[in-house]
file entry-v7.pdb (PDB, C-alpha atoms and all ligand atoms)
MODEL        1
ATOM      1  CA  MET H   1     -17.308   7.372  10.799
ATOM      2  CA  ARG H   2     -16.421   8.561   7.304
ATOM      3  CA  LEU H   3     -16.627   5.044   5.823
ATOM      4  CA  GLU H   4     -19.763   3.793   7.513
ATOM      5  CA  GLY H   5     -21.386   0.959   5.558
ATOM      6  CA  LYS H   6     -18.463   0.593   3.151
ATOM      7  CA  ILE H   7     -16.855  -2.774   2.345
ATOM      8  CA  ALA H   8     -13.074  -2.739   1.922
ATOM      9  CA  ILE H   9     -10.406  -5.234   0.886
ATOM     10  CA  VAL H  10      -6.900  -4.604   2.206
ATOM     11  CA  THR H  11      -4.270  -6.865   0.656
ATOM     12  CA  GLY H  12      -1.282  -7.540   2.880
ATOM     13  CA  GLY H  13      -3.483  -6.527   5.805
ATOM     14  CA  ALA H  14      -1.965  -8.985   8.278
ATOM     15  CA  ARG H  15       0.825  -6.689   9.431
ATOM     16  CA  GLY H  16       2.706  -3.432   8.919
ATOM     17  CA  ILE H  17       1.178  -0.678   6.812
ATOM     18  CA  GLY H  18      -1.719  -2.878   5.665
ATOM     19  CA  LEU H  19      -2.647  -3.755   9.254
ATOM     20  CA  ALA H  20      -2.646  -0.077  10.261
ATOM     21  CA  ILE H  21      -4.762   0.864   7.226
ATOM     22  CA  MET H  22      -7.190  -1.974   7.926
ATOM     23  CA  ARG H  23      -7.640  -0.824  11.541
ATOM     24  CA  ALA H  24      -8.148   2.792  10.455
ATOM     25  CA  LEU H  25     -10.833   1.795   7.931
ATOM     26  CA  VAL H  26     -12.648  -0.193  10.640
ATOM     27  CA  ARG H  27     -12.395   2.791  13.007
ATOM     28  CA  GLU H  28     -14.144   4.865  10.297
ATOM     29  CA  GLY H  29     -16.993   2.358  10.059
ATOM     30  CA  ALA H  30     -15.963   0.047   7.198
ATOM     31  CA  ALA H  31     -16.222  -3.746   7.167
ATOM     32  CA  VAL H  32     -12.918  -5.210   5.994
ATOM     33  CA  VAL H  33     -11.536  -8.228   4.219
ATOM     34  CA  ILE H  34      -7.970  -8.885   5.355
ATOM     35  CA  ALA H  35      -6.433 -10.627   2.343
ATOM     36  CA  ASP H  36      -2.948 -11.957   2.917
ATOM     37  CA  VAL H  37      -0.665 -14.862   2.066
ATOM     38  CA  ASN H  38       0.010 -15.123   5.819
ATOM     39  CA  ARG H  39      -2.992 -17.142   6.997
ATOM     40  CA  ASP H  40      -2.274 -16.969  10.743
ATOM     41  CA  GLY H  41      -1.484 -13.260  10.683
ATOM     42  CA  ALA H  42      -4.660 -12.457   8.763
ATOM     43  CA  GLN H  43      -6.783 -14.604  11.100
ATOM     44  CA  THR H  44      -5.277 -12.987  14.182
ATOM     45  CA  ALA H  45      -5.873  -9.509  12.745
ATOM     46  CA  ALA H  46      -9.505 -10.346  11.912
ATOM     47  CA  ALA H  47     -10.099 -11.878  15.350
ATOM     48  CA  GLY H  48      -8.751  -8.707  16.976
ATOM     49  CA  ILE H  49     -11.286  -6.591  15.079
ATOM     50  CA  GLN H  50     -14.159  -8.986  15.825
ATOM     51  CA  GLU H  51     -13.338  -8.949  19.560
ATOM     52  CA  GLN H  52     -13.800  -5.187  19.517
ATOM     53  CA  GLY H  53     -17.171  -5.501  17.776
ATOM     54  CA  GLY H  54     -15.895  -4.616  14.290
ATOM     55  CA  ARG H  55     -16.638  -6.462  11.061
ATOM     56  CA  ALA H  56     -13.633  -8.252   9.550
ATOM     57  CA  VAL H  57     -12.897 -11.537   7.813
ATOM     58  CA  SER H  58      -9.588 -13.031   6.740
ATOM     59  CA  ILE H  59      -8.996 -14.559   3.328
ATOM     60  CA  VAL H  60      -5.804 -16.249   2.191
ATOM     61  CA  VAL H  61      -4.529 -14.934  -1.133
ATOM     62  CA  ASP H  62      -1.356 -14.915  -3.149
ATOM     63  CA  VAL H  63      -1.742 -11.726  -5.174
ATOM     64  CA  ALA H  64       0.661 -13.042  -7.830
ATOM     65  CA  ASP H  65      -1.649 -15.983  -8.614
ATOM     66  CA  PRO H  66      -4.675 -15.130 -10.801
ATOM     67  CA  THR H  67      -6.720 -18.107  -9.554
ATOM     68  CA  SER H  68      -6.079 -17.175  -5.945
ATOM     69  CA  VAL H  69      -7.070 -13.559  -6.681
ATOM     70  CA  ALA H  70     -10.328 -14.675  -8.345
ATOM     71  CA  ASP H  71     -11.090 -16.888  -5.324
ATOM     72  CA  MET H  72     -10.401 -13.938  -2.998
ATOM     73  CA  VAL H  73     -12.871 -11.713  -4.840
ATOM     74  CA  SER H  74     -15.630 -14.313  -4.710
ATOM     75  CA  ALA H  75     -14.944 -15.040  -1.016
ATOM     76  CA  ALA H  76     -15.108 -11.294  -0.274
ATOM     77  CA  LYS H  77     -18.461 -11.066  -2.075
ATOM     78  CA  ASP H  78     -19.727 -14.122  -0.175
ATOM     79  CA  ALA H  79     -18.726 -12.454   3.093
ATOM     80  CA  PHE H  80     -20.069  -8.933   2.560
ATOM     81  CA  GLY H  81     -21.998  -8.867  -0.753
ATOM     82  CA  ARG H  82     -19.950  -6.256  -2.639
ATOM     83  CA  ILE H  83     -16.661  -4.323  -2.643
ATOM     84  CA  ASP H  84     -16.510  -0.518  -2.322
ATOM     85  CA  ILE H  85     -12.827   0.020  -1.498
ATOM     86  CA  LEU H  86      -9.587  -1.728  -2.427
ATOM     87  CA  VAL H  87      -6.293  -0.934  -0.750
ATOM     88  CA  ASN H  88      -3.752  -2.674  -2.955
ATOM     89  CA  ASN H  89      -0.976  -2.908  -0.380
ATOM     90  CA  ALA H  90       0.572  -6.416  -0.451
ATOM     91  CA  GLY H  91       4.221  -6.309  -1.363
ATOM     92  CA  ILE H  92       7.681  -7.624  -0.619
ATOM     93  CA  GLY H  93      10.911  -5.717  -0.087
ATOM     94  CA  GLY H  94      14.033  -5.780  -2.197
ATOM     95  CA  ASN H  95      17.449  -4.330  -1.550
ATOM     96  CA  THR H  96      19.920  -6.000  -3.939
ATOM     97  CA  PRO H  97      22.512  -4.116  -5.993
ATOM     98  CA  PHE H  98      21.748  -3.962  -9.723
ATOM     99  CA  LEU H  99      24.793  -6.051 -10.715
ATOM    100  CA  GLU H 100      23.775  -8.789  -8.279
ATOM    101  CA  THR H 101      20.044  -8.875  -8.991
ATOM    102  CA  SER H 102      19.226 -12.350 -10.308
ATOM    103  CA  LEU H 103      16.467 -12.970 -12.817
ATOM    104  CA  ASP H 104      14.663 -15.028 -10.157
ATOM    105  CA  GLU H 105      14.657 -12.145  -7.697
ATOM    106  CA  TRP H 106      13.624  -9.660 -10.404
ATOM    107  CA  ASN H 107      10.724 -11.886 -11.463
ATOM    108  CA  ARG H 108       9.618 -12.554  -7.863
ATOM    109  CA  ILE H 109       9.469  -8.868  -6.948
ATOM    110  CA  ILE H 110       7.793  -7.780 -10.199
ATOM    111  CA  SER H 111       5.277 -10.644  -9.964
ATOM    112  CA  ILE H 112       4.087  -9.635  -6.482
ATOM    113  CA  ASN H 113       4.596  -5.862  -6.386
ATOM    114  CA  LEU H 114       3.485  -5.010  -9.932
ATOM    115  CA  THR H 115       1.727  -7.957 -11.585
ATOM    116  CA  GLY H 116       0.021  -8.843  -8.283
ATOM    117  CA  ALA H 117      -1.247  -5.289  -7.842
ATOM    118  CA  PHE H 118      -2.504  -5.337 -11.449
ATOM    119  CA  LEU H 119      -4.307  -8.674 -10.999
ATOM    120  CA  VAL H 120      -6.049  -7.580  -7.802
ATOM    121  CA  ALA H 121      -6.978  -4.126  -9.131
ATOM    122  CA  GLN H 122      -8.390  -5.560 -12.339
ATOM    123  CA  ALA H 123     -10.424  -8.282 -10.611
ATOM    124  CA  VAL H 124     -11.857  -5.838  -8.059
ATOM    125  CA  ALA H 125     -12.438  -3.048 -10.608
ATOM    126  CA  ARG H 126     -14.528  -5.451 -12.711
ATOM    127  CA  GLU H 127     -16.778  -5.904  -9.666
ATOM    128  CA  MET H 128     -16.883  -2.162  -9.021
ATOM    129  CA  VAL H 129     -17.958  -1.468 -12.611
ATOM    130  CA  GLY H 130     -21.041  -3.579 -11.938
ATOM    131  CA  ASN H 131     -21.675  -1.782  -8.629
ATOM    132  CA  GLY H 132     -21.512   1.753 -10.029
ATOM    133  CA  GLY H 133     -18.078   2.693  -8.682
ATOM    134  CA  GLY H 134     -15.593   2.523  -5.858
ATOM    135  CA  LYS H 135     -12.215   3.603  -4.559
ATOM    136  CA  ILE H 136      -8.849   2.011  -5.311
ATOM    137  CA  ILE H 137      -5.671   3.021  -3.505
ATOM    138  CA  ASN H 138      -2.408   1.504  -4.682
ATOM    139  CA  ILE H 139       0.531   1.546  -2.287
ATOM    140  CA  ALA H 140       3.550   2.538  -4.355
ATOM    141  CA  SER H 141       6.800   3.920  -2.896
ATOM    142  CA  LEU H 142       9.254   6.754  -2.948
ATOM    143  CA  SER H 143      11.619   4.078  -4.286
ATOM    144  CA  GLY H 144       9.588   4.174  -7.513
ATOM    145  CA  GLN H 145      10.426   7.873  -7.908
ATOM    146  CA  ARG H 146      14.135   7.966  -7.059
ATOM    147  CA  GLY H 147      17.111   5.828  -8.068
ATOM    148  CA  GLY H 148      17.887   4.428  -4.629
ATOM    149  CA  ASN H 149      20.629   1.876  -3.969
ATOM    150  CA  GLY H 150      19.480  -1.718  -4.277
ATOM    151  CA  ARG H 151      16.094  -0.848  -5.732
ATOM    152  CA  ALA H 152      16.458  -2.131  -9.319
ATOM    153  CA  ALA H 153      13.563  -4.592  -9.120
ATOM    154  CA  TYR H 154      11.615  -3.024  -6.234
ATOM    155  CA  GLY H 155      11.837   0.536  -7.568
ATOM    156  CA  SER H 156      10.959  -0.552 -11.110
ATOM    157  CA  ALA H 157       7.877  -2.391  -9.829
ATOM    158  CA  LYS H 158       6.734   0.641  -7.828
ATOM    159  CA  ALA H 159       7.385   3.042 -10.731
ATOM    160  CA  GLY H 160       5.273   0.737 -12.890
ATOM    161  CA  LEU H 161       2.514   0.759 -10.276
ATOM    162  CA  GLU H 162       2.494   4.560 -10.244
ATOM    163  CA  LEU H 163       2.031   4.638 -14.009
ATOM    164  CA  LEU H 164      -0.572   1.866 -13.854
ATOM    165  CA  THR H 165      -2.521   4.019 -11.421
ATOM    166  CA  LYS H 166      -2.632   6.859 -13.953
ATOM    167  CA  VAL H 167      -3.893   4.542 -16.708
ATOM    168  CA  MET H 168      -6.512   3.114 -14.356
ATOM    169  CA  ALA H 169      -7.589   6.642 -13.398
ATOM    170  CA  VAL H 170      -8.044   7.566 -17.052
ATOM    171  CA  GLU H 171      -9.945   4.426 -17.991
ATOM    172  CA  LEU H 172     -12.026   3.878 -14.850
ATOM    173  CA  ALA H 173     -13.306   7.419 -14.215
ATOM    174  CA  GLN H 174     -16.233   6.732 -16.549
ATOM    175  CA  HIS H 175     -17.258   3.886 -14.213
ATOM    176  CA  GLY H 176     -17.195   6.030 -11.081
ATOM    177  CA  ILE H 177     -14.014   4.367  -9.840
ATOM    178  CA  ASN H 178     -11.642   6.766  -8.134
ATOM    179  CA  VAL H 179      -7.985   5.617  -8.293
ATOM    180  CA  ASN H 180      -4.987   7.064  -6.458
ATOM    181  CA  ASN H 181      -1.559   6.101  -5.127
ATOM    182  CA  ILE H 182       0.117   6.571  -1.804
ATOM    183  CA  ALA H 183       3.907   6.669  -1.998
ATOM    184  CA  PRO H 184       5.297   6.048   1.485
ATOM    185  CA  GLY H 185       8.839   7.099   2.252
ATOM    186  CA  ALA H 186      10.731   5.149   4.914
ATOM    187  CA  ILE H 187       8.154   3.625   7.249
ATOM    188  CA  ASP H 188       9.162   1.655  10.319
ATOM    189  CA  THR H 189       7.696  -1.809   9.642
ATOM    190  CA  GLU H 190       9.017  -5.377   9.603
ATOM    191  CA  MET H 191       9.874  -4.856   5.933
ATOM    192  CA  ALA H 192      12.065  -1.861   6.781
ATOM    193  CA  LYS H 193      13.672  -3.707   9.700
ATOM    194  CA  PHE H 194      14.599  -6.503   7.304
ATOM    195  CA  ALA H 195      15.791  -4.303   4.433
ATOM    196  CA  HIS H 196      17.454  -1.392   6.270
ATOM    197  CA  ASP H 197      20.724  -1.914   8.124
ATOM    198  CA  GLU H 198      22.151   0.718  10.456
ATOM    199  CA  ALA H 199      23.906   2.619   7.654
ATOM    200  CA  THR H 200      20.706   2.681   5.580
ATOM    201  CA  ARG H 201      18.703   4.006   8.542
ATOM    202  CA  ALA H 202      21.276   6.725   9.163
ATOM    203  CA  ALA H 203      21.169   7.708   5.469
ATOM    204  CA  TYR H 204      17.366   7.940   5.521
ATOM    205  CA  ASN H 205      17.293   9.966   8.719
ATOM    206  CA  TYR H 206      19.781  12.378   7.160
ATOM    207  CA  LEU H 207      17.934  12.732   3.828
ATOM    208  CA  ILE H 208      14.411  13.144   5.251
ATOM    209  CA  PRO H 209      13.730  16.796   6.189
ATOM    210  CA  MET H 210      11.607  15.682   9.152
ATOM    211  CA  GLY H 211      14.591  13.635  10.328
ATOM    212  CA  ARG H 212      12.796  10.388  11.124
ATOM    213  CA  TYR H 213      11.020   7.349   9.725
ATOM    214  CA  GLY H 214       7.243   7.490   9.389
ATOM    215  CA  THR H 215       4.806   5.219  11.188
ATOM    216  CA  PRO H 216       2.218   2.862   9.656
ATOM    217  CA  ASP H 217      -0.511   5.014  11.252
ATOM    218  CA  GLU H 218       0.708   8.036   9.291
ATOM    219  CA  ILE H 219       0.124   6.097   6.057
ATOM    220  CA  ALA H 220      -3.242   4.885   7.367
ATOM    221  CA  ASP H 221      -4.455   8.465   7.987
ATOM    222  CA  ALA H 222      -3.686   9.359   4.357
ATOM    223  CA  ALA H 223      -5.425   6.180   3.192
ATOM    224  CA  VAL H 224      -8.603   7.093   5.094
ATOM    225  CA  PHE H 225      -8.676  10.428   3.256
ATOM    226  CA  LEU H 226      -8.253   8.743  -0.140
ATOM    227  CA  CYS H 227     -10.927   6.134   0.724
ATOM    228  CA  SER H 228     -13.419   8.778   1.828
ATOM    229  CA  ASP H 229     -15.730  11.062  -0.098
ATOM    230  CA  GLU H 230     -13.525  14.015   0.910
ATOM    231  CA  SER H 231     -11.061  13.002  -1.833
ATOM    232  CA  ARG H 232     -13.730  12.666  -4.551
ATOM    233  CA  TYR H 233     -11.955  15.059  -6.983
ATOM    234  CA  VAL H 234      -8.446  13.706  -6.278
ATOM    235  CA  HIS H 235      -7.870  11.275  -9.126
ATOM    236  CA  GLY H 236      -4.815   9.588 -10.653
ATOM    237  CA  HIS H 237      -2.736  11.298  -7.985
ATOM    238  CA  THR H 238       0.289  10.078  -6.051
ATOM    239  CA  LEU H 239       0.191  11.300  -2.467
ATOM    240  CA  ASN H 240       3.676  11.107  -1.011
ATOM    241  CA  VAL H 241       3.671  10.475   2.732
ATOM    242  CA  ASP H 242       7.382  10.697   3.315
ATOM    243  CA  GLY H 243       8.372  13.421   5.796
ATOM    244  CA  GLY H 244       9.394  15.658   2.874
ATOM    245  CA  PHE H 245      11.834  13.153   1.354
ATOM    246  CA  ARG H 246      10.630  13.651  -2.218
ATOM    247  CA  ALA H 247      10.743  17.421  -1.905
ATOM    248  CA  ALA H 248      14.254  17.616  -0.517
ATOM    249  CA  GLY H 249      17.426  18.668  -2.298
ATOM    250  CA  LEU H 250      20.451  20.226  -0.684
ATOM    251  CA  MET H 251      20.006  20.396   3.084
ATOM    252  CA  PHE H 252      22.424  22.002   5.526
ATOM    253  CA  GLY H 253      22.755  20.490   8.963
ATOM    254  CA  SER H 254      21.375  23.530  10.760
ATOM    255  CA  ASN H 255      18.168  23.417   8.681
ATOM    256  CA  LYS H 256      17.357  19.876   9.702
ATOM    257  CA  ALA H 257      14.330  19.302  11.870
ATOM    258  CA  VAL H 258      14.799  17.834  15.302
ATOM    259  CA  PRO H 259      12.908  14.541  14.988
ATOM    260  CA  ARG H 260       9.565  14.758  16.706
ATOM    261  CA  ARG H 261       6.184  13.172  16.129
TER     262      ARG H 261
HETATM  263  N1  LIG J   1       7.946  -0.033   4.987
HETATM  264  C1  LIG J   1       8.347   0.885   4.123
HETATM  265  O1  LIG J   1       9.280   1.651   4.377
HETATM  266  C2  LIG J   1       7.618   1.042   2.796
HETATM  267  C3  LIG J   1       7.951   2.149   2.019
HETATM  268  C4  LIG J   1       7.316   2.334   0.808
HETATM  269  C5  LIG J   1       6.358   1.436   0.379
HETATM  270  N2  LIG J   1       6.050   0.356   1.150
HETATM  271  C6  LIG J   1       5.036  -0.564   0.636
HETATM  272  O2  LIG J   1       3.977  -0.698   1.571
HETATM  273  C7  LIG J   1       3.396  -2.007   1.465
HETATM  274  C8  LIG J   1       3.381  -2.659   2.841
HETATM  275  O3  LIG J   1       4.721  -2.721   3.316
HETATM  276  P1  LIG J   1       5.094  -3.087   4.828
HETATM  277  O4  LIG J   1       6.318  -2.331   5.162
HETATM  278  O5  LIG J   1       3.888  -2.991   5.692
HETATM  279  O6  LIG J   1       5.523  -4.621   4.617
HETATM  280  P2  LIG J   1       5.331  -5.903   5.541
HETATM  281  O7  LIG J   1       6.301  -6.904   5.040
HETATM  282  O8  LIG J   1       5.359  -5.546   6.986
HETATM  283  O9  LIG J   1       3.834  -6.374   5.176
HETATM  284  C9  LIG J   1       3.530  -6.831   3.878
HETATM  285  C10 LIG J   1       2.318  -7.754   3.939
HETATM  286  O10 LIG J   1       2.060  -8.218   2.609
HETATM  287  C11 LIG J   1       1.845  -9.629   2.670
HETATM  288  N3  LIG J   1       2.230 -10.246   1.390
HETATM  289  C12 LIG J   1       3.487 -10.390   0.889
HETATM  290  N4  LIG J   1       3.441 -11.055  -0.270
HETATM  291  C13 LIG J   1       2.128 -11.326  -0.517
HETATM  292  C14 LIG J   1       1.448 -12.001  -1.559
HETATM  293  N5  LIG J   1       2.105 -12.559  -2.597
HETATM  294  N6  LIG J   1       0.102 -12.096  -1.508
HETATM  295  C15 LIG J   1      -0.579 -11.573  -0.452
HETATM  296  N7  LIG J   1       0.011 -10.937   0.582
HETATM  297  C16 LIG J   1       1.358 -10.824   0.543
HETATM  298  C17 LIG J   1       2.737 -10.111   3.815
HETATM  299  O11 LIG J   1       2.342 -11.386   4.307
HETATM  300  C18 LIG J   1       2.566  -8.990   4.819
HETATM  301  O12 LIG J   1       1.459  -9.218   5.681
HETATM  302  C19 LIG J   1       4.239  -2.769   0.428
HETATM  303  O13 LIG J   1       3.621  -2.712  -0.833
HETATM  304  C20 LIG J   1       5.537  -1.993   0.408
HETATM  305  O14 LIG J   1       6.240  -2.124  -0.803
HETATM  306  C21 LIG J   1       6.652   0.138   2.357
ENDMDL
END
call {"tool": "encode", "arguments": {"input": "entry-v7.pdb", "output": "structure tokens"}}
result
Amino acid sequence: MRLEGKIAIVTGGARGIGLAIMRALVREGAAVVIADVNRDGAQTAAAGIQEQGGRAVSIVVDVADPTSVADMVSAAKDAFGRIDILVNNAGIGGNTPFLETSLDEWNRIISINLTGAFLVAQAVAREMVGNGGGKIINIASLSGQRGGNGRAAYGSAKAGLELLTKVMAVELAQHGINVNNIAPGAIDTEMAKFAHDEATRAAYNYLIPMGRYGTPDEIADAAVFLCSDESRYVHGHTLNVDGGFRAAGLMFGSNKAVPRR
């Protein structure tokens, strides 16, 4: 119960990585706001927690819309009184070659994955300043660190989020707000199922030293650490949770791990 008594917002908490993080925070004793553009998914997720005796509410938000974000923050305060933790996770995928990326697609991905994360972090951090501190975890991506195929807009947004995290860490430390990133590698969620065809999956499995995709729970375990007091001196850091993908260079077949959990 490392987060007992804490109040957390998880954006994009209706499914995938956000859902797994939300459940892990509840398991550690937090009360959670599941903030998602998917109303039904967020309600179902909250109902599941309530049935098990946990504290969760769902709030509809479009992170790219400043008015919607402001409404989310006041609804979260109405529900639980304050905000101690933000997991800035909502995002959409993108897998379009550079030459074919339209301005519309570029703007849509940047507006949710970068501007949306900025809007939510700023609105919540303003509350945390008044409360004497908090924890913010931004969910970036390995795609923001490497020049992967089809990641012009998505990778640029995630690279921007990684840098934004560093600026936030520098400016918010004085307010007792601890800010870090998690950069997942390839994680088996609906987003990955949509964006990764068979060839892409084979390429990932080859390039990842551990030889397999990660699970949402493996991201959630890292998030619990960064939300807890155990990470109090980890600040402005990007924690890659990627099966060694970022670390890898030349790999010979015989050195590859046999995939195992
Ligand atoms: N799956 C991967 O391999 C992977 C790898 C690296 C980073 N990530 C990042 O992790 C995060 C979660 O990804 P996932 O794989 O669980 O995706 P997902 O599509 O399964 O879930 C994303 C959630 O965000 C919500 N969402 C989307 N747009 C929103 C908006 N405008 N406002 C509010 N909520 C919105 C969706 O409704 C959904 O519930 C994303 O930021 C993604 O970029 C995922």
call {"tool": "closest_atom_pairs", "arguments": {"input": "entry-v7.pdb", "of": "segment 24-81 of chain H", "to": "segment 104-126 of chain H", "cutoff": "9 Å", "atoms": "only C-alpha atoms", "output": "Markdown table"}}
result
| residue | atom | partner | partner_atom | distance |
| --- | --- | --- | --- | --- |
| H:Asp62 | CA | H:Gly116 | CA | 8.1 |
| H:Val63 | CA | H:Gly116 | CA | 4.6 |
| H:Ala64 | CA | H:Gly116 | CA | 4.3 |
| H:Asp65 | CA | H:Gly116 | CA | 7.3 |
| H:Pro66 | CA | H:Leu119 | CA | 6.5 |
| H:Val69 | CA | H:Val120 | CA | 6.2 |
| H:Ala70 | CA | H:Ala123 | CA | 6.8 |
| H:Val73 | CA | H:Val124 | CA | 6.8 |
call {"tool": "closest_atom_pairs", "arguments": {"input": "entry-v7.pdb", "of": "chain H", "to": "ligand LIG 1 (chain J)", "cutoff": "7 Å", "atoms": "all atoms listed in the file", "output": "CSV"}}
result
residue,atom,partner,partner_atom,distance
H:Thr11,CA,J:LIG1,N7,5.9
H:Gly12,CA,J:LIG1,O10,3.4
H:Gly13,CA,J:LIG1,O12,5.6
H:Ala14,CA,J:LIG1,O12,4.3
H:Arg15,CA,J:LIG1,O12,4.6
H:Gly16,CA,J:LIG1,O5,3.5
H:Ile17,CA,J:LIG1,O5,3.7
H:Gly18,CA,J:LIG1,O5,5.6
H:Ala35,CA,J:LIG1,C15,6.6
H:Asp36,CA,J:LIG1,N7,3.9
H:Val37,CA,J:LIG1,C15,4.1
H:Asn38,CA,J:LIG1,O11,4.7
H:Val61,CA,J:LIG1,C15,5.2
H:Asp62,CA,J:LIG1,N6,3.6
H:Val63,CA,J:LIG1,N6,4.1
H:Ala64,CA,J:LIG1,N5,5.5
H:Asn89,CA,J:LIG1,O13,4.6
H:Ala90,CA,J:LIG1,O10,3.9
H:Gly91,CA,J:LIG1,O13,3.7
H:Ile92,CA,J:LIG1,C12,5.2
H:Gly93,CA,J:LIG1,O14,5.9
H:Ile112,CA,J:LIG1,N5,5.3
H:Asn113,CA,J:LIG1,O13,6.5
H:Ile139,CA,J:LIG1,O13,5.5
H:Ala140,CA,J:LIG1,C5,5.6
H:Ser141,CA,J:LIG1,C4,4.1
H:Leu142,CA,J:LIG1,C4,6.1
H:Ser143,CA,J:LIG1,C4,6.9
H:Ala183,CA,J:LIG1,C4,6.2
H:Pro184,CA,J:LIG1,C4,4.3
H:Gly185,CA,J:LIG1,C3,5.0
H:Ala186,CA,J:LIG1,O1,3.8
H:Ile187,CA,J:LIG1,O1,3.7
H:Asp188,CA,J:LIG1,N1,5.7
H:Thr189,CA,J:LIG1,O4,4.7
H:Glu190,CA,J:LIG1,O8,4.5
H:Met191,CA,J:LIG1,O7,4.2
H:Ala192,CA,J:LIG1,N1,4.9
call {"tool": "closest_residue", "arguments": {"input": "entry-v7.pdb", "among": "H:Ile137, H:Lys193, H:Leu164, H:Glu4", "to": "Ile85 of chain H", "atoms": "all atoms listed in the file"}}
result
H:Ile137
call {"tool": "resolve_selection", "arguments": {"input": "entry-v7.pdb", "expression": "the PyMOL selection byres (((chain H and resi 224) around 9) and not hetatm)", "output": "number ranges by chain"}}
result
H: 2-3, 21, 24-25, 28, 219-223, 225-228
call {"tool": "residues_near_point", "arguments": {"input": "entry-v7.pdb", "point": "(18.7, -7.4, -9.0)", "cutoff": "10 Å", "atoms": "only C-alpha atoms", "output": "PyMOL selection string"}}
result
chain H and resi 94-107+109+150-154
call {"tool": "closest_residue", "arguments": {"input": "entry-v7.pdb", "among": "H:Ala247, H:Ala203, H:Met210, H:Ile34", "to": "Asn88 of chain H", "atoms": "only C-alpha atoms"}}
result
H:Ile34
call {"tool": "atom_distance", "arguments": {"input": "entry-v7.pdb", "atom1": "atom CA of Thr238 of chain H", "atom2": "atom CA of Tyr213 of chain H"}}
result
19.3 Å
call {"tool": "closest_residue", "arguments": {"input": "entry-v7.pdb", "among": "H:Ile182, H:Ala79, H:Leu172, H:Ala248", "to": "Arg146 of chain H", "atoms": "all atoms listed in the file"}}
result
H:Ala248
